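A.B. asks: What follows is the file target.pdb, containing PDB, C-alpha atoms:
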ATOM      1  CA  GLN A   1     -11.412  26.494 -16.586
ATOM      2  CA  ARG A   2     -10.080  27.431 -13.137
ATOM      3  CA  LEU A   3      -7.788  24.416 -13.196
ATOM      4  CA  GLU A   4      -6.414  25.281 -16.633
ATOM      5  CA  ASP A   5      -5.883  28.917 -15.603
ATOM      6  CA  HIS A   6      -4.121  27.808 -12.400
ATOM      7  CA  ASP A   7      -6.494  30.035 -10.457
ATOM      8  CA  TRP A   8      -5.922  28.128  -7.217
ATOM      9  CA  PRO A   9      -8.067  30.167  -4.803
ATOM     10  CA  LYS A  10     -11.122  29.955  -7.093
ATOM     11  CA  LEU A  11     -10.452  26.268  -7.821
ATOM     12  CA  GLU A  12     -10.197  25.542  -4.109
ATOM     13  CA  ALA A  13     -13.510  27.319  -3.508
ATOM     14  CA  TRP A  14     -15.159  25.400  -6.372
ATOM     15  CA  LEU A  15     -13.841  22.019  -5.228
ATOM     16  CA  GLY A  16     -14.860  22.870  -1.663
ATOM     17  CA  TYR A  17     -18.389  23.475  -2.918
ATOM     18  CA  LEU A  18     -18.371  20.183  -4.851
ATOM     19  CA  ASN A  19     -16.936  18.392  -1.832
ATOM     20  CA  LYS A  20     -19.867  19.498   0.333
ATOM     21  CA  GLY A  21     -22.358  18.248  -2.239
ATOM     22  CA  LEU A  22     -20.537  14.957  -2.740
ATOM     23  CA  GLN A  23     -20.428  14.354   1.011
ATOM     24  CA  ILE A  24     -24.224  14.175   0.846
ATOM     25  CA  GLU A  25     -24.640  12.348  -2.478
ATOM     26  CA  ARG A  26     -21.632  10.336  -3.694
ATOM     27  CA  LYS A  27     -23.500   8.790  -6.608
ATOM     28  CA  SER A  28     -23.380  12.061  -8.505
ATOM     29  CA  ARG A  29     -21.845  12.102 -11.971
ATOM     30  CA  ALA A  30     -19.512  14.806 -10.644
ATOM     31  CA  PHE A  31     -17.653  12.343  -8.387
ATOM     32  CA  GLY A  32     -15.211  11.005 -11.013
ATOM     33  CA  PRO A  33     -14.358  14.438 -12.438
ATOM     34  CA  PHE A  34     -13.984  15.780  -8.873
ATOM     35  CA  LEU A  35     -11.350  13.128  -8.087
ATOM     36  CA  THR A  36      -9.587  13.802 -11.391
ATOM     37  CA  MET A  37      -9.489  17.540 -10.711
ATOM     38  CA  CYS A  38      -8.083  16.921  -7.244
ATOM     39  CA  ARG A  39      -5.319  14.750  -8.729
ATOM     40  CA  VAL A  40      -4.423  17.278 -11.432
ATOM     41  CA  ALA A  41      -4.508  20.164  -8.944
ATOM     42  CA  ASP A  42      -2.203  18.272  -6.560
ATOM     43  CA  ILE A  43       0.293  17.641  -9.356
ATOM     44  CA  ASN A  44       0.219  21.289 -10.481
ATOM     45  CA  GLU A  45       0.125  22.801  -6.988
ATOM     46  CA  PRO A  46       1.840  20.252  -4.738
ATOM     47  CA  GLY A  47       2.251  22.670  -1.832
ATOM     48  CA  ASN A  48      -1.482  22.695  -1.060
ATOM     49  CA  PRO A  49      -2.459  19.674   1.070
ATOM     50  CA  VAL A  50      -6.207  20.146   0.515
ATOM     51  CA  TRP A  51      -6.165  18.267  -2.807
ATOM     52  CA  GLN A  52      -4.910  15.033  -1.250
ATOM     53  CA  GLN A  53      -7.138  15.559   1.776
ATOM     54  CA  TYR A  54     -10.172  15.484  -0.513
ATOM     55  CA  LEU A  55      -8.957  12.228  -2.061
ATOM     56  CA  ILE A  56      -8.373  10.714   1.376
ATOM     57  CA  ALA A  57     -11.726  11.924   2.734
ATOM     58  CA  PHE A  58     -13.631   9.833   0.195
ATOM     59  CA  LEU A  59     -11.937   6.533   1.012
ATOM     60  CA  PRO A  60     -12.754   3.720   0.296
ATOM     61  CA  TYR A  61     -14.593   5.128  -2.762
ATOM     62  CA  SER A  62     -11.527   7.051  -3.914
ATOM     63  CA  TYR A  63      -9.126   4.108  -3.398
ATOM     64  CA  SER A  64      -8.357   3.599  -7.077
ATOM     65  CA  ALA A  65      -7.804   7.292  -7.790
ATOM     66  CA  LEU A  66      -5.695   7.777  -4.663
ATOM     67  CA  THR A  67      -3.461   4.744  -5.247
ATOM     68  CA  ASP A  68      -2.914   5.724  -8.887
ATOM     69  CA  HIS A  69      -2.148   9.278  -7.790
ATOM     70  CA  TRP A  70       0.388   8.255  -5.159
ATOM     71  CA  LEU A  71       2.072   5.863  -7.559
ATOM     72  CA  GLU A  72       2.266   8.599 -10.187
ATOM     73  CA  LYS A  73       3.786  11.007  -7.652
ATOM     74  CA  GLN A  74       6.075   8.248  -6.334
ATOM     75  CA  GLN A  75       4.719   8.613  -2.806
ATOM     76  CA  PHE A  76       5.391   4.940  -2.180
ATOM     77  CA  THR A  77       5.318   5.086   1.611
ATOM     78  CA  ASP A  78       1.877   6.715   1.596
ATOM     79  CA  TRP A  79       0.744   4.170  -1.000
ATOM     80  CA  ALA A  80       1.975   1.263   1.142
ATOM     81  CA  ASP A  81       0.368   2.720   4.274
ATOM     82  CA  LEU A  82      -2.970   2.813   2.446
ATOM     83  CA  GLN A  83      -2.589  -0.848   1.448
ATOM     84  CA  LEU A  84      -1.822  -1.721   5.069
ATOM     85  CA  LEU A  85      -4.807   0.251   6.323
ATOM     86  CA  LEU A  86      -7.196  -1.524   3.981
ATOM     87  CA  GLY A  87      -5.613  -4.947   4.510
ATOM     88  CA  ILE A  88      -4.597  -5.404   0.883
ATOM     89  CA  GLU A  89      -2.277  -8.399   0.437
ATOM     90  CA  PRO A  90       0.820  -8.118  -1.792
ATOM     91  CA  ASP A  91      -0.461 -10.884  -4.073
ATOM     92  CA  GLU A  92      -3.660  -8.881  -4.680
ATOM     93  CA  ILE A  93      -1.641  -6.013  -6.186
ATOM     94  CA  ASP A  94      -0.580  -5.858  -9.827
ATOM     95  CA  VAL A  95       2.773  -7.608 -10.269
ATOM     96  CA  GLN A  96       4.175  -4.798 -12.414
ATOM     97  CA  VAL A  97       3.329  -2.210  -9.743
ATOM     98  CA  MET A  98       5.054  -4.336  -7.105
ATOM     99  CA  ARG A  99       8.164  -4.635  -9.302
ATOM    100  CA  GLU A 100       8.315  -0.879  -9.858
ATOM    101  CA  ILE A 101       8.045  -0.145  -6.149
ATOM    102  CA  ALA A 102      10.538  -2.893  -5.270
ATOM    103  CA  LYS A 103      13.066  -1.161  -7.541
ATOM    104  CA  ALA A 104      12.317   2.420  -6.515
ATOM    105  CA  ALA A 105      11.520   2.066  -2.794
ATOM    106  CA  PRO A 106      11.855  -1.497  -1.478
ATOM    107  CA  GLY A 107      11.637  -0.303   2.116
ATOM    108  CA  ALA A 108       8.048   0.840   1.550
ATOM    109  CA  LEU A 109       6.979  -2.736   0.805
ATOM    110  CA  ILE A 110       8.569  -4.345   3.868
ATOM    111  CA  PRO A 111       5.667  -3.603   6.291
ATOM    112  CA  LEU A 112       3.196  -4.847   3.682
ATOM    113  CA  TYR A 113       4.946  -8.217   3.545
ATOM    114  CA  HIS A 114       5.238  -8.385   7.332
ATOM    115  CA  GLN A 115       1.475  -7.957   7.646
ATOM    116  CA  SER A 116       0.814 -10.559   4.973
ATOM    117  CA  ILE A 117       3.131 -13.092   6.615
ATOM    118  CA  ASP A 118       1.467 -12.588  10.008
ATOM    119  CA  THR A 119      -1.970 -13.019   8.443
ATOM    120  CA  SER A 120      -0.903 -16.231   6.688
ATOM    121  CA  ILE A 121       0.580 -17.704   9.865
ATOM    122  CA  ARG A 122      -2.562 -16.836  11.833
ATOM    123  CA  ALA A 123      -4.536 -19.076   9.463
ATOM    124  CA  ARG A 124      -2.946 -21.973  11.406
ATOM    125  CA  ASN A 125      -2.918 -24.395   8.489
ATOM    126  CA  ARG A 126      -0.303 -25.782   6.148
ATOM    127  CA  GLN A 127      -1.535 -23.731   3.191
ATOM    128  CA  GLY A 128      -1.156 -20.559   5.258
ATOM    129  CA  TYR A 129       2.351 -21.580   6.273
ATOM    130  CA  LYS A 130       3.306 -22.230   2.639
ATOM    131  CA  GLN A 131       1.953 -18.799   1.717
ATOM    132  CA  ALA A 132       3.933 -17.241   4.583
ATOM    133  CA  VAL A 133       7.151 -18.873   3.359
ATOM    134  CA  LYS A 134       6.464 -17.666  -0.186
ATOM    135  CA  MET A 135       6.048 -14.111   1.120
ATOM    136  CA  MET A 136       9.164 -14.474   3.300
ATOM    137  CA  LYS A 137      11.247 -15.273   0.214
ATOM    138  CA  LYS A 138      10.074 -12.043  -1.406
ATOM    139  CA  LEU A 139      10.654 -10.166   1.835
ATOM    140  CA  GLU A 140      14.202 -11.528   2.010
ATOM    141  CA  ARG A 141      14.938 -10.002  -1.416
ATOM    142  CA  LEU A 142      13.595  -6.651  -0.225
ATOM    143  CA  TYR A 143      15.798  -6.722   2.870
ATOM    144  CA  LYS A 144      18.826  -7.627   0.730
ATOM    145  CA  SER A 145      18.139  -4.781  -1.694
ATOM    146  CA  GLU A 146      17.974  -2.427   1.296
ATOM    147  CA  LYS A 147      21.214  -3.978   2.612
ATOM    148  CA  LYS A 148      19.548  -4.956   5.884
ATOM    149  CA  GLN A 149      20.564  -8.605   6.188
ATOM    150  CA  GLU A 150      20.946  -8.255   9.953
ATOM    151  CA  MET A 151      17.329  -7.101  10.307
ATOM    152  CA  TRP A 152      16.256 -10.019   8.098
ATOM    153  CA  SER A 153      18.079 -12.486  10.334
ATOM    154  CA  ARG A 154      16.473 -10.990  13.438
ATOM    155  CA  TYR A 155      13.058 -11.162  11.815
ATOM    156  CA  VAL A 156      13.464 -14.831  10.876
ATOM    157  CA  ASN A 157      14.785 -15.679  14.345
ATOM    158  CA  GLY A 158      11.801 -13.885  15.863
ATOM    159  CA  ILE A 159       9.343 -15.840  13.714
ATOM    160  CA  VAL A 160      11.055 -19.129  14.547
ATOM    161  CA  HIS A 161      11.105 -18.348  18.272
ATOM    162  CA  LYS A 162       7.568 -16.952  18.433
ATOM    163  CA  HIS A 163       6.076 -19.930  16.591
ATOM    164  CA  GLN A 164       8.392 -22.674  17.824
ATOM    165  CA  ARG A 165       5.445 -24.885  18.770
ATOM    166  CA  LEU A 166       3.972 -24.838  15.255
ATOM    167  CA  ARG A 167       5.753 -27.857  13.777
ATOM    168  CA  ALA A 168       4.112 -27.545  10.369
ATOM    169  CA  LEU A 169       5.337 -23.947  10.097
ATOM    170  CA  GLN A 170       8.847 -24.989  11.130
ATOM    171  CA  GLU A 171       8.780 -27.702   8.447
ATOM    172  CA  GLU A 172       7.669 -25.236   5.771
ATOM    173  CA  LEU A 173      10.374 -22.780   6.815
ATOM    174  CA  TRP A 174      12.913 -25.570   6.479
ATOM    175  CA  ARG A 175      11.516 -26.743   3.098
ATOM    176  CA  GLY A 176      11.564 -23.192   1.818
ATOM    177  CA  LYS A 177      15.173 -22.837   2.960
ATOM    178  CA  ILE A 178      14.317 -19.913   5.200
ATOM    179  CA  ILE A 179      15.975 -21.791   8.053
ATOM    180  CA  THR A 180      18.570 -24.532   7.794
TER
END
What is this file in structure tokens?
C.D. replies:
Amino acid sequence: QRLEDHDWPKLEAWLGYLNKGLQIERKSRAFGPFLTMCRVADINEPGNPVWQQYLIAFLPYSYSALTDHWLEKQQFTDWADLQLLLGIEPDEIDVQVMREIAKAAPGALIPLYHQSIDTSIRARNRQGYKQAVKMMKKLERLYKSEKKQEMWSRYVNGIVHKHQRLRALQEELWRGKIIT
């Protein structure tokens, strides 16, 4: 009722009360509706940071609600930062979501791909190197869409130089036409 009436002070007091109870017992049936109310309140009253703070406070349990919320609000940088924090790989994310973000804010995805490439290379096996090259091809498209070809070239040169002793990686980079 308070949410529908846009009675923000009373809603904030009510959600604060629920928040205290949920901090103690997350398995309550009120948890899902609490997250939904926080999302709706943040959309209707975007100037109040408390709504997103509640969503963030319940991570990792609120991951799904928070990612959906940030995608809906087109807060792509915050969304990508959350994926980085939790170590989510780009290939674990819905392809359609990745396409939407690549069109709307390709720069937000660049750090996500950097992290994934580093993780794949650290595996120190051919399969990891192939995965890294696959991610580098996607990363190259993101850099091109951002018109940052110079940064892409520096990144590739840095990878080649840093891992010059990993012959299998160098071979995969060559096979994938990342280097010529």
A.B. asks: For A:Trp79, list every protein, DNA or RNA residue within 7 Å, evaluated using all atoms listed in the file, and leave out those in the same chain fewer than 5 positions away; present the list as a ChimeraX atom specification.
C.D. replies: /A:67,70-71
A.B. asks: Can you spell out as a list in words the set of residues that the PyMOL selection byres ((chain A and resi 177) around 12) selects in the structure I just provided?
C.D. replies: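 Checked against the file, the PyMOL selection byres ((chain A and resi 177) around 12) matches Lys130, Val133, Lys134, Met136, Lys137, Glu140, Val156, Gln170, Glu171, Glu172, Leu173, Trp174, Arg175, Gly176, Ile178, Ile179 and Thr180 of chain A.
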A.B. asks: Contacts of A:Arg99 at 12 Å or less, counting only C-alpha atoms, minus same-chain residues fewer than 4 places along, as a compact mmCIF listing (two decimals) with C-alpha atoms, in the frame of the given file?
C.D. replies:
# COMPACT_ATOMS: atom_id res chain seq x y z
CA PRO A 90 0.82 -8.12 -1.79
CA ASP A 91 -0.46 -10.88 -4.07
CA ILE A 93 -1.64 -6.01 -6.19
CA ASP A 94 -0.58 -5.86 -9.83
CA VAL A 95 2.77 -7.61 -10.27
CA LYS A 103 13.07 -1.16 -7.54
CA ALA A 104 12.32 2.42 -6.52
CA ALA A 105 11.52 2.07 -2.79
CA PRO A 106 11.86 -1.50 -1.48
CA LEU A 109 6.98 -2.74 0.80
CA LYS A 138 10.07 -12.04 -1.41
CA ARG A 141 14.94 -10.00 -1.42
CA LEU A 142 13.60 -6.65 -0.22
A.B. asks: Just so the selection is clear, what residues does the PyMOL selection byres ((chain A and resi 88) around 12) cover here, as number ranges by chain?
C.D. replies: A: 63, 67, 79-87, 89-94, 109, 111-113, 115-116, 119
A.B. asks: Can you work out the spacing between atom CA of A:Gly21 and atom CA of A:Gln53 in Å, to one decimal?
C.D. replies: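 Atom CA of A:Gly21 sits 16.0 Å away from atom CA of A:Gln53.
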A.B. asks: In Å, how far is it from atom CA of A:Ile159 to atom CA of A:Thr77?
C.D. replies: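 So the two atoms, atom CA of A:Ile159 and atom CA of A:Thr77, lie 24.5 Å apart.
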